[in-house]
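This is start_20.txt (compact mmCIF, N, CA and C atoms).
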# COMPACT_ATOMS: atom_id res chain seq x y z
N MET E 35 -13.47 -17.23 25.58
CA MET E 35 -13.00 -16.26 24.62
C MET E 35 -11.75 -15.57 25.18
N CYS E 36 -10.77 -15.42 24.34
CA CYS E 36 -9.53 -14.77 24.75
C CYS E 36 -9.31 -13.55 23.85
N TYR E 37 -8.99 -12.46 24.45
CA TYR E 37 -8.81 -11.21 23.70
C TYR E 37 -7.44 -10.65 24.03
N CYS E 38 -6.64 -10.39 23.00
CA CYS E 38 -5.30 -9.84 23.21
C CYS E 38 -5.28 -8.40 22.71
N SER E 39 -4.83 -7.49 23.53
CA SER E 39 -4.68 -6.11 23.09
C SER E 39 -3.51 -5.48 23.84
N ARG E 40 -3.12 -4.33 23.37
CA ARG E 40 -1.98 -3.62 23.98
C ARG E 40 -2.18 -2.14 23.72
N THR E 41 -1.90 -1.32 24.69
CA THR E 41 -1.97 0.13 24.51
C THR E 41 -0.67 0.75 25.00
N ASP E 42 -0.43 1.95 24.52
CA ASP E 42 0.77 2.68 24.92
C ASP E 42 0.55 4.14 24.57
N GLY E 43 1.57 4.95 24.74
CA GLY E 43 1.48 6.38 24.45
C GLY E 43 1.35 6.65 22.96
N TYR E 44 1.03 7.88 22.63
CA TYR E 44 0.78 8.25 21.24
C TYR E 44 2.02 8.14 20.35
N ARG E 45 3.19 8.09 20.93
CA ARG E 45 4.42 7.98 20.14
C ARG E 45 4.73 6.54 19.73
N THR E 46 4.00 5.59 20.26
CA THR E 46 4.22 4.18 19.93
C THR E 46 3.33 3.81 18.75
N SER E 47 3.94 3.26 17.70
CA SER E 47 3.17 2.94 16.49
C SER E 47 2.28 1.72 16.70
N GLU E 48 1.24 1.63 15.89
CA GLU E 48 0.33 0.48 15.95
C GLU E 48 1.05 -0.81 15.58
N ILE E 49 1.99 -0.74 14.65
CA ILE E 49 2.75 -1.93 14.25
C ILE E 49 3.58 -2.44 15.42
N THR E 50 4.20 -1.54 16.17
CA THR E 50 4.97 -1.93 17.35
C THR E 50 4.07 -2.62 18.36
N LEU E 51 2.88 -2.09 18.57
CA LEU E 51 1.93 -2.70 19.50
C LEU E 51 1.48 -4.06 19.00
N ALA E 52 1.26 -4.19 17.69
CA ALA E 52 0.85 -5.46 17.11
C ALA E 52 1.93 -6.52 17.33
N LYS E 53 3.18 -6.15 17.14
CA LYS E 53 4.28 -7.10 17.35
C LYS E 53 4.35 -7.56 18.81
N ALA E 54 3.94 -6.69 19.74
CA ALA E 54 3.94 -7.06 21.15
C ALA E 54 2.80 -8.03 21.48
N VAL E 55 1.74 -8.01 20.70
CA VAL E 55 0.59 -8.88 20.94
C VAL E 55 0.82 -10.28 20.35
N LEU E 56 1.57 -10.37 19.26
CA LEU E 56 1.76 -11.65 18.56
C LEU E 56 2.18 -12.80 19.47
N PRO E 57 3.12 -12.63 20.39
CA PRO E 57 3.53 -13.77 21.22
C PRO E 57 2.42 -14.34 22.10
N ARG E 58 1.33 -13.59 22.29
CA ARG E 58 0.22 -14.07 23.13
C ARG E 58 -0.85 -14.79 22.32
N MET E 59 -0.70 -14.79 21.00
CA MET E 59 -1.70 -15.47 20.16
C MET E 59 -1.43 -16.97 20.14
N ARG E 60 -2.51 -17.77 20.03
CA ARG E 60 -2.42 -19.22 20.06
C ARG E 60 -3.32 -19.83 18.99
N CYS E 61 -3.14 -21.13 18.77
CA CYS E 61 -4.01 -21.87 17.86
C CYS E 61 -5.45 -21.73 18.34
N GLY E 62 -6.35 -21.61 17.39
CA GLY E 62 -7.76 -21.47 17.72
C GLY E 62 -8.21 -20.03 17.86
N MET E 63 -7.27 -19.09 17.95
CA MET E 63 -7.62 -17.67 18.02
C MET E 63 -7.81 -17.14 16.60
N LEU E 64 -8.60 -16.10 16.48
CA LEU E 64 -8.79 -15.41 15.21
C LEU E 64 -8.19 -14.02 15.35
N CYS E 65 -7.23 -13.71 14.49
CA CYS E 65 -6.57 -12.40 14.51
C CYS E 65 -7.13 -11.56 13.36
N LEU E 66 -7.82 -10.49 13.71
CA LEU E 66 -8.35 -9.55 12.72
C LEU E 66 -7.44 -8.33 12.68
N ALA E 67 -7.14 -7.87 11.47
CA ALA E 67 -6.29 -6.69 11.35
C ALA E 67 -6.77 -5.82 10.19
N ASP E 68 -6.68 -4.54 10.36
CA ASP E 68 -7.08 -3.61 9.31
C ASP E 68 -5.96 -3.48 8.28
N ARG E 69 -6.24 -2.77 7.21
CA ARG E 69 -5.34 -2.72 6.06
C ARG E 69 -3.98 -2.09 6.33
N ASN E 70 -3.86 -1.32 7.38
CA ASN E 70 -2.57 -0.69 7.70
C ASN E 70 -1.53 -1.71 8.18
N PHE E 71 -1.95 -2.89 8.60
CA PHE E 71 -1.05 -3.84 9.24
C PHE E 71 -0.40 -4.82 8.27
N PHE E 72 -0.96 -5.01 7.09
CA PHE E 72 -0.42 -6.07 6.23
C PHE E 72 0.96 -5.73 5.70
N GLY E 73 1.85 -6.68 5.87
CA GLY E 73 3.20 -6.62 5.33
C GLY E 73 3.79 -8.01 5.49
N PHE E 74 4.72 -8.36 4.65
CA PHE E 74 5.26 -9.71 4.65
C PHE E 74 5.78 -10.13 6.02
N GLU E 75 6.58 -9.28 6.65
CA GLU E 75 7.21 -9.63 7.93
C GLU E 75 6.18 -9.88 9.03
N LEU E 76 5.25 -8.96 9.18
CA LEU E 76 4.24 -9.10 10.23
C LEU E 76 3.32 -10.28 9.95
N TRP E 77 2.96 -10.49 8.68
CA TRP E 77 2.11 -11.62 8.30
C TRP E 77 2.82 -12.94 8.64
N GLN E 78 4.09 -13.03 8.31
CA GLN E 78 4.86 -14.24 8.58
C GLN E 78 4.95 -14.50 10.10
N GLN E 79 5.17 -13.46 10.87
CA GLN E 79 5.23 -13.61 12.33
C GLN E 79 3.88 -14.07 12.88
N ALA E 80 2.80 -13.49 12.37
CA ALA E 80 1.47 -13.87 12.84
C ALA E 80 1.15 -15.32 12.46
N ARG E 81 1.56 -15.74 11.27
CA ARG E 81 1.35 -17.13 10.86
C ARG E 81 2.04 -18.10 11.79
N GLY E 82 3.19 -17.70 12.31
CA GLY E 82 3.95 -18.56 13.21
C GLY E 82 3.25 -18.85 14.52
N THR E 83 2.21 -18.13 14.85
CA THR E 83 1.48 -18.34 16.10
C THR E 83 0.43 -19.44 15.97
N CYS E 84 0.14 -19.89 14.77
CA CYS E 84 -0.90 -20.88 14.47
C CYS E 84 -2.31 -20.32 14.64
N ALA E 85 -2.45 -19.05 14.93
CA ALA E 85 -3.78 -18.44 14.99
C ALA E 85 -4.32 -18.31 13.57
N ASP E 86 -5.62 -18.23 13.44
CA ASP E 86 -6.24 -17.97 12.14
C ASP E 86 -6.18 -16.47 11.88
N LEU E 87 -5.83 -16.11 10.66
CA LEU E 87 -5.64 -14.70 10.31
C LEU E 87 -6.68 -14.26 9.30
N LEU E 88 -7.30 -13.13 9.56
CA LEU E 88 -8.23 -12.51 8.63
C LEU E 88 -7.87 -11.03 8.60
N TRP E 89 -7.11 -10.64 7.59
CA TRP E 89 -6.58 -9.28 7.50
C TRP E 89 -7.10 -8.60 6.27
N ARG E 90 -7.55 -7.40 6.45
CA ARG E 90 -7.97 -6.55 5.34
C ARG E 90 -6.72 -5.94 4.71
N VAL E 91 -6.73 -5.78 3.39
CA VAL E 91 -5.57 -5.19 2.72
C VAL E 91 -6.02 -4.05 1.81
N GLU E 92 -5.06 -3.27 1.40
CA GLU E 92 -5.34 -2.16 0.48
C GLU E 92 -5.93 -2.69 -0.82
N ARG E 93 -6.78 -1.93 -1.41
CA ARG E 93 -7.39 -2.29 -2.68
C ARG E 93 -6.34 -2.46 -3.78
N THR E 94 -5.22 -1.79 -3.64
CA THR E 94 -4.16 -1.86 -4.65
C THR E 94 -3.38 -3.17 -4.62
N CYS E 95 -3.55 -3.97 -3.58
CA CYS E 95 -2.91 -5.29 -3.53
C CYS E 95 -3.63 -6.20 -4.51
N ALA E 96 -2.95 -6.57 -5.55
CA ALA E 96 -3.55 -7.43 -6.57
C ALA E 96 -2.68 -8.66 -6.75
N TRP E 97 -3.04 -9.73 -6.08
CA TRP E 97 -2.28 -10.96 -6.19
C TRP E 97 -2.82 -11.81 -7.32
N PRO E 98 -1.94 -12.54 -8.00
CA PRO E 98 -2.42 -13.39 -9.10
C PRO E 98 -3.31 -14.52 -8.57
N ARG E 99 -4.35 -14.81 -9.33
CA ARG E 99 -5.27 -15.89 -8.97
C ARG E 99 -4.64 -17.21 -9.37
N GLU E 100 -4.03 -17.89 -8.42
CA GLU E 100 -3.33 -19.13 -8.72
C GLU E 100 -4.23 -20.36 -8.63
N ALA E 101 -5.18 -20.36 -7.73
CA ALA E 101 -6.08 -21.50 -7.58
C ALA E 101 -7.45 -20.98 -7.13
N PRO E 102 -8.31 -20.61 -8.10
CA PRO E 102 -9.63 -20.09 -7.74
C PRO E 102 -10.48 -21.12 -6.99
N THR E 103 -11.18 -20.66 -5.98
CA THR E 103 -12.10 -21.53 -5.23
C THR E 103 -13.37 -20.74 -4.91
N GLY E 104 -14.16 -20.43 -5.92
CA GLY E 104 -15.38 -19.65 -5.71
C GLY E 104 -15.08 -18.18 -5.57
N CYS E 105 -15.50 -17.57 -4.46
CA CYS E 105 -15.28 -16.12 -4.27
C CYS E 105 -13.92 -15.85 -3.63
N SER E 106 -13.09 -16.86 -3.49
CA SER E 106 -11.75 -16.67 -2.97
C SER E 106 -10.76 -17.39 -3.88
N TYR E 107 -9.49 -17.15 -3.65
CA TYR E 107 -8.46 -17.82 -4.43
C TYR E 107 -7.16 -17.88 -3.64
N LEU E 108 -6.30 -18.81 -4.03
CA LEU E 108 -4.99 -18.91 -3.41
C LEU E 108 -3.99 -18.09 -4.21
N SER E 109 -3.03 -17.52 -3.50
CA SER E 109 -1.98 -16.74 -4.13
C SER E 109 -0.75 -16.82 -3.24
N HIS E 110 0.28 -16.08 -3.60
CA HIS E 110 1.51 -16.01 -2.81
C HIS E 110 1.86 -14.56 -2.53
N VAL E 111 2.48 -14.32 -1.40
CA VAL E 111 3.04 -13.02 -1.07
C VAL E 111 4.54 -13.24 -0.85
N TYR E 112 5.33 -12.27 -1.28
CA TYR E 112 6.79 -12.40 -1.25
C TYR E 112 7.43 -11.29 -0.44
N ALA E 113 8.58 -11.60 0.13
CA ALA E 113 9.29 -10.63 0.97
C ALA E 113 9.91 -9.50 0.16
N SER E 114 10.26 -9.77 -1.08
CA SER E 114 10.93 -8.75 -1.88
C SER E 114 10.52 -8.88 -3.34
N GLU E 115 10.81 -7.84 -4.10
CA GLU E 115 10.53 -7.89 -5.54
C GLU E 115 11.36 -8.97 -6.22
N ARG E 116 12.57 -9.15 -5.76
CA ARG E 116 13.43 -10.20 -6.33
C ARG E 116 12.81 -11.58 -6.13
N ASP E 117 12.32 -11.85 -4.91
CA ASP E 117 11.65 -13.13 -4.65
C ASP E 117 10.42 -13.28 -5.52
N TRP E 118 9.67 -12.20 -5.71
CA TRP E 118 8.47 -12.22 -6.55
C TRP E 118 8.84 -12.56 -8.00
N ARG E 119 9.89 -11.92 -8.51
CA ARG E 119 10.32 -12.18 -9.90
C ARG E 119 10.74 -13.63 -10.09
N HIS E 120 11.43 -14.18 -9.09
CA HIS E 120 11.93 -15.56 -9.20
C HIS E 120 10.96 -16.59 -8.61
N LYS E 121 9.87 -16.11 -8.04
CA LYS E 121 8.87 -16.99 -7.42
C LYS E 121 9.52 -17.90 -6.36
N THR E 122 10.30 -17.29 -5.47
CA THR E 122 10.97 -18.03 -4.40
C THR E 122 10.58 -17.44 -3.04
N ASN E 123 10.58 -18.28 -2.04
CA ASN E 123 10.33 -17.86 -0.65
C ASN E 123 8.96 -17.22 -0.44
N GLY E 124 7.99 -17.60 -1.22
CA GLY E 124 6.64 -17.04 -1.07
C GLY E 124 5.85 -17.74 0.02
N ILE E 125 4.87 -17.04 0.54
CA ILE E 125 3.94 -17.58 1.52
C ILE E 125 2.57 -17.70 0.84
N VAL E 126 1.97 -18.86 0.95
CA VAL E 126 0.64 -19.07 0.37
C VAL E 126 -0.39 -18.38 1.26
N LEU E 127 -1.34 -17.70 0.63
CA LEU E 127 -2.45 -17.10 1.36
C LEU E 127 -3.73 -17.22 0.55
N ARG E 128 -4.85 -17.18 1.24
CA ARG E 128 -6.15 -17.20 0.58
C ARG E 128 -6.67 -15.78 0.53
N VAL E 129 -7.04 -15.33 -0.64
CA VAL E 129 -7.57 -13.98 -0.85
C VAL E 129 -9.08 -14.10 -0.99
N ILE E 130 -9.80 -13.32 -0.21
CA ILE E 130 -11.27 -13.27 -0.30
C ILE E 130 -11.64 -11.91 -0.85
N ASP E 131 -12.27 -11.92 -2.00
CA ASP E 131 -12.68 -10.68 -2.64
C ASP E 131 -14.10 -10.35 -2.17
N TYR E 132 -14.27 -9.18 -1.59
CA TYR E 132 -15.59 -8.80 -1.11
C TYR E 132 -15.83 -7.32 -1.36
N ARG E 133 -17.08 -6.95 -1.30
CA ARG E 133 -17.49 -5.55 -1.44
C ARG E 133 -18.51 -5.23 -0.37
I'd like the structure from this file rewritten - as structure tokens, please.
Amino acid sequence: MCYCSRTDGYRTSEITLAKAVLPRMRCGMLCLADRNFFGFELWQQARGTCADLLWRVERTCAWPREAPTGCSYLSHVYASERDWRHKTNGIVLRVIDYR
């Protein structure tokens, strides 16, 4: 089992610490993140590590159900509203709806 973490002073944001951990992630690792961490840039960087990602997101994130597969579905996340409107440069992700 491999565990990656990073700590720093109270003035260092959690996102900054998360970005410092990403280079140590590898294929076969599972990266869990709470809802404060989700954003296109950080998600894309984490995907580049080949680690498996399981991130909680805000309830207000409502992605279109593009390919339902039981209690989950495939959708896309976009870097900008312009990309979303034109459906360009999206990243495919699986959304798991749970309570």
For atom N of Ser47 of chain E and atom N of Cys65 of chain E, the interatomic separation in Å (one decimal):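 These two atoms are separated by 20.6 Å.
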Can you check which parts of segment 53-107 of chain E lie within 5 Å of segment 116-133 of chain E? Per residue, the shortest pair of atoms and distance in Å to one decimal, counting only N, CA and C atoms, sorted by chain and number, as a Markdown table.
| residue | atom | partner | partner_atom | distance |
| --- | --- | --- | --- | --- |
| E:Cys105 | C | E:Asp131 | N | 4.6 |
| E:Ser106 | CA | E:Val129 | C | 4.2 |
| E:Tyr107 | C | E:Val129 | N | 3.9 |
Contacts of segment 92-94 of chain E at 6 Å (all atoms listed in the file; same-chain gap of 2+ positions) as a PyMOL selection string: chain E and resi 69+90+96
What parts of chain E does DSSP call alpha helix (DSSP H)? I'd like the answer as a PDB file with N, CA and C atoms, in the frame of the given file.
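After the write, result32.pdb holds the following:
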ATOM      1  N   GLU E  48       1.240   1.630  15.890  1.00  0.00           N
ATOM      2  CA  GLU E  48       0.330   0.480  15.950  1.00  0.00           C
ATOM      3  C   GLU E  48       1.050  -0.810  15.580  1.00  0.00           C
ATOM      4  N   ILE E  49       1.990  -0.740  14.650  1.00  0.00           N
ATOM      5  CA  ILE E  49       2.750  -1.930  14.250  1.00  0.00           C
ATOM      6  C   ILE E  49       3.580  -2.440  15.420  1.00  0.00           C
ATOM      7  N   THR E  50       4.200  -1.540  16.170  1.00  0.00           N
ATOM      8  CA  THR E  50       4.970  -1.930  17.350  1.00  0.00           C
ATOM      9  C   THR E  50       4.070  -2.620  18.360  1.00  0.00           C
ATOM     10  N   LEU E  51       2.880  -2.090  18.570  1.00  0.00           N
ATOM     11  CA  LEU E  51       1.930  -2.700  19.500  1.00  0.00           C
ATOM     12  C   LEU E  51       1.480  -4.060  19.000  1.00  0.00           C
ATOM     13  N   ALA E  52       1.260  -4.190  17.690  1.00  0.00           N
ATOM     14  CA  ALA E  52       0.850  -5.460  17.110  1.00  0.00           C
ATOM     15  C   ALA E  52       1.930  -6.520  17.330  1.00  0.00           C
ATOM     16  N   LYS E  53       3.180  -6.150  17.140  1.00  0.00           N
ATOM     17  CA  LYS E  53       4.280  -7.100  17.350  1.00  0.00           C
ATOM     18  C   LYS E  53       4.350  -7.560  18.810  1.00  0.00           C
ATOM     19  N   ALA E  54       3.940  -6.690  19.740  1.00  0.00           N
ATOM     20  CA  ALA E  54       3.940  -7.060  21.150  1.00  0.00           C
ATOM     21  C   ALA E  54       2.800  -8.030  21.480  1.00  0.00           C
ATOM     22  N   VAL E  55       1.740  -8.010  20.700  1.00  0.00           N
ATOM     23  CA  VAL E  55       0.590  -8.880  20.940  1.00  0.00           C
ATOM     24  C   VAL E  55       0.820 -10.280  20.350  1.00  0.00           C
ATOM     25  N   PHE E  74       4.720  -8.360   4.650  1.00  0.00           N
ATOM     26  CA  PHE E  74       5.260  -9.710   4.650  1.00  0.00           C
ATOM     27  C   PHE E  74       5.780 -10.130   6.020  1.00  0.00           C
ATOM     28  N   GLU E  75       6.580  -9.280   6.650  1.00  0.00           N
ATOM     29  CA  GLU E  75       7.210  -9.630   7.930  1.00  0.00           C
ATOM     30  C   GLU E  75       6.180  -9.880   9.030  1.00  0.00           C
ATOM     31  N   LEU E  76       5.250  -8.960   9.180  1.00  0.00           N
ATOM     32  CA  LEU E  76       4.240  -9.100  10.230  1.00  0.00           C
ATOM     33  C   LEU E  76       3.320 -10.280   9.950  1.00  0.00           C
ATOM     34  N   TRP E  77       2.960 -10.490   8.680  1.00  0.00           N
ATOM     35  CA  TRP E  77       2.110 -11.620   8.300  1.00  0.00           C
ATOM     36  C   TRP E  77       2.820 -12.940   8.640  1.00  0.00           C
ATOM     37  N   GLN E  78       4.090 -13.030   8.310  1.00  0.00           N
ATOM     38  CA  GLN E  78       4.860 -14.240   8.580  1.00  0.00           C
ATOM     39  C   GLN E  78       4.950 -14.500  10.100  1.00  0.00           C
ATOM     40  N   GLN E  79       5.170 -13.460  10.870  1.00  0.00           N
ATOM     41  CA  GLN E  79       5.230 -13.610  12.330  1.00  0.00           C
ATOM     42  C   GLN E  79       3.880 -14.070  12.880  1.00  0.00           C
ATOM     43  N   ALA E  80       2.800 -13.490  12.370  1.00  0.00           N
ATOM     44  CA  ALA E  80       1.470 -13.870  12.840  1.00  0.00           C
ATOM     45  C   ALA E  80       1.150 -15.320  12.460  1.00  0.00           C
ATOM     46  N   ARG E  81       1.560 -15.740  11.270  1.00  0.00           N
ATOM     47  CA  ARG E  81       1.350 -17.130  10.860  1.00  0.00           C
ATOM     48  C   ARG E  81       2.040 -18.100  11.790  1.00  0.00           C
ATOM     49  N   GLU E 115      10.810  -7.840  -4.100  1.00  0.00           N
ATOM     50  CA  GLU E 115      10.530  -7.890  -5.540  1.00  0.00           C
ATOM     51  C   GLU E 115      11.360  -8.970  -6.220  1.00  0.00           C
ATOM     52  N   ARG E 116      12.570  -9.150  -5.760  1.00  0.00           N
ATOM     53  CA  ARG E 116      13.430 -10.200  -6.330  1.00  0.00           C
ATOM     54  C   ARG E 116      12.810 -11.580  -6.130  1.00  0.00           C
ATOM     55  N   ASP E 117      12.320 -11.850  -4.910  1.00  0.00           N
ATOM     56  CA  ASP E 117      11.650 -13.130  -4.650  1.00  0.00           C
ATOM     57  C   ASP E 117      10.420 -13.280  -5.520  1.00  0.00           C
ATOM     58  N   TRP E 118       9.670 -12.200  -5.710  1.00  0.00           N
ATOM     59  CA  TRP E 118       8.470 -12.220  -6.550  1.00  0.00           C
ATOM     60  C   TRP E 118       8.840 -12.560  -8.000  1.00  0.00           C
ATOM     61  N   ARG E 119       9.890 -11.920  -8.510  1.00  0.00           N
ATOM     62  CA  ARG E 119      10.320 -12.180  -9.900  1.00  0.00           C
ATOM     63  C   ARG E 119      10.740 -13.630 -10.090  1.00  0.00           C
ATOM     64  N   HIS E 120      11.430 -14.180  -9.090  1.00  0.00           N
ATOM     65  CA  HIS E 120      11.930 -15.560  -9.200  1.00  0.00           C
ATOM     66  C   HIS E 120      10.960 -16.590  -8.610  1.00  0.00           C
TER      67      HIS E 120
END
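Of the residues in segment 63-129 of chain E, those given strand (DSSP E) by DSSP on the backbone are Leu64, Cys65, Leu66, Ala67, Asp86, Leu87, Leu88, Trp89, Ala101, Pro102, Thr103, Ser106, Tyr107, Leu108, Ser109, His110, Val111, Ile125, Val126, Leu127, Arg128 and Val129 of chain E.
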Top pick for closest residue to Glu75 of chain E, considering E:Ala101, E:Met63, E:Cys38, E:Ile49 and counting only C-alpha atoms: E:Ile49
Could you add whatever atoms are missing so that segment 64-77 of chain E carries N, CA, C and O atoms, then write the result as a PDB file, keeping the file's coordinate frame?
ATOM      1  N   LEU E  64      -8.600 -16.100  16.480  1.00  0.00           N
ATOM      2  CA  LEU E  64      -8.790 -15.410  15.210  1.00  0.00           C
ATOM      3  C   LEU E  64      -8.190 -14.020  15.350  1.00  0.00           C
ATOM      4  O   LEU E  64      -8.580 -13.246  16.223  1.00  0.00           O
ATOM      5  N   CYS E  65      -7.230 -13.710  14.490  1.00  0.00           N
ATOM      6  CA  CYS E  65      -6.570 -12.400  14.510  1.00  0.00           C
ATOM      7  C   CYS E  65      -7.130 -11.560  13.360  1.00  0.00           C
ATOM      8  O   CYS E  65      -6.934 -11.890  12.191  1.00  0.00           O
ATOM      9  N   LEU E  66      -7.820 -10.490  13.710  1.00  0.00           N
ATOM     10  CA  LEU E  66      -8.350  -9.550  12.720  1.00  0.00           C
ATOM     11  C   LEU E  66      -7.440  -8.330  12.680  1.00  0.00           C
ATOM     12  O   LEU E  66      -7.006  -7.848  13.715  1.00  0.00           O
ATOM     13  N   ALA E  67      -7.140  -7.870  11.470  1.00  0.00           N
ATOM     14  CA  ALA E  67      -6.290  -6.690  11.350  1.00  0.00           C
ATOM     15  C   ALA E  67      -6.770  -5.820  10.190  1.00  0.00           C
ATOM     16  O   ALA E  67      -7.217  -6.341   9.166  1.00  0.00           O
ATOM     17  N   ASP E  68      -6.680  -4.540  10.360  1.00  0.00           N
ATOM     18  CA  ASP E  68      -7.080  -3.610   9.310  1.00  0.00           C
ATOM     19  C   ASP E  68      -5.960  -3.480   8.280  1.00  0.00           C
ATOM     20  O   ASP E  68      -4.846  -3.958   8.468  1.00  0.00           O
ATOM     21  N   ARG E  69      -6.240  -2.770   7.210  1.00  0.00           N
ATOM     22  CA  ARG E  69      -5.340  -2.720   6.060  1.00  0.00           C
ATOM     23  C   ARG E  69      -3.980  -2.090   6.330  1.00  0.00           C
ATOM     24  O   ARG E  69      -3.032  -2.320   5.604  1.00  0.00           O
ATOM     25  N   ASN E  70      -3.860  -1.320   7.380  1.00  0.00           N
ATOM     26  CA  ASN E  70      -2.570  -0.690   7.700  1.00  0.00           C
ATOM     27  C   ASN E  70      -1.530  -1.710   8.180  1.00  0.00           C
ATOM     28  O   ASN E  70      -0.341  -1.444   8.144  1.00  0.00           O
ATOM     29  N   PHE E  71      -1.950  -2.890   8.600  1.00  0.00           N
ATOM     30  CA  PHE E  71      -1.050  -3.840   9.240  1.00  0.00           C
ATOM     31  C   PHE E  71      -0.400  -4.820   8.270  1.00  0.00           C
ATOM     32  O   PHE E  71       0.606  -5.429   8.613  1.00  0.00           O
ATOM     33  N   PHE E  72      -0.960  -5.010   7.090  1.00  0.00           N
ATOM     34  CA  PHE E  72      -0.420  -6.070   6.230  1.00  0.00           C
ATOM     35  C   PHE E  72       0.960  -5.730   5.700  1.00  0.00           C
ATOM     36  O   PHE E  72       1.204  -4.667   5.158  1.00  0.00           O
ATOM     37  N   GLY E  73       1.850  -6.680   5.870  1.00  0.00           N
ATOM     38  CA  GLY E  73       3.200  -6.620   5.330  1.00  0.00           C
ATOM     39  C   GLY E  73       3.790  -8.010   5.490  1.00  0.00           C
ATOM     40  O   GLY E  73       3.379  -8.780   6.363  1.00  0.00           O
ATOM     41  N   PHE E  74       4.720  -8.360   4.650  1.00  0.00           N
ATOM     42  CA  PHE E  74       5.260  -9.710   4.650  1.00  0.00           C
ATOM     43  C   PHE E  74       5.780 -10.130   6.020  1.00  0.00           C
ATOM     44  O   PHE E  74       5.449 -11.195   6.530  1.00  0.00           O
ATOM     45  N   GLU E  75       6.580  -9.280   6.650  1.00  0.00           N
ATOM     46  CA  GLU E  75       7.210  -9.630   7.930  1.00  0.00           C
ATOM     47  C   GLU E  75       6.180  -9.880   9.030  1.00  0.00           C
ATOM     48  O   GLU E  75       6.222 -10.898   9.715  1.00  0.00           O
ATOM     49  N   LEU E  76       5.250  -8.960   9.180  1.00  0.00           N
ATOM     50  CA  LEU E  76       4.240  -9.100  10.230  1.00  0.00           C
ATOM     51  C   LEU E  76       3.320 -10.280   9.950  1.00  0.00           C
ATOM     52  O   LEU E  76       2.948 -11.030  10.858  1.00  0.00           O
ATOM     53  N   TRP E  77       2.960 -10.490   8.680  1.00  0.00           N
ATOM     54  CA  TRP E  77       2.110 -11.620   8.300  1.00  0.00           C
ATOM     55  C   TRP E  77       2.820 -12.940   8.640  1.00  0.00           C
ATOM     56  O   TRP E  77       2.225 -13.850   9.203  1.00  0.00           O
TER      57      TRP E  77
END
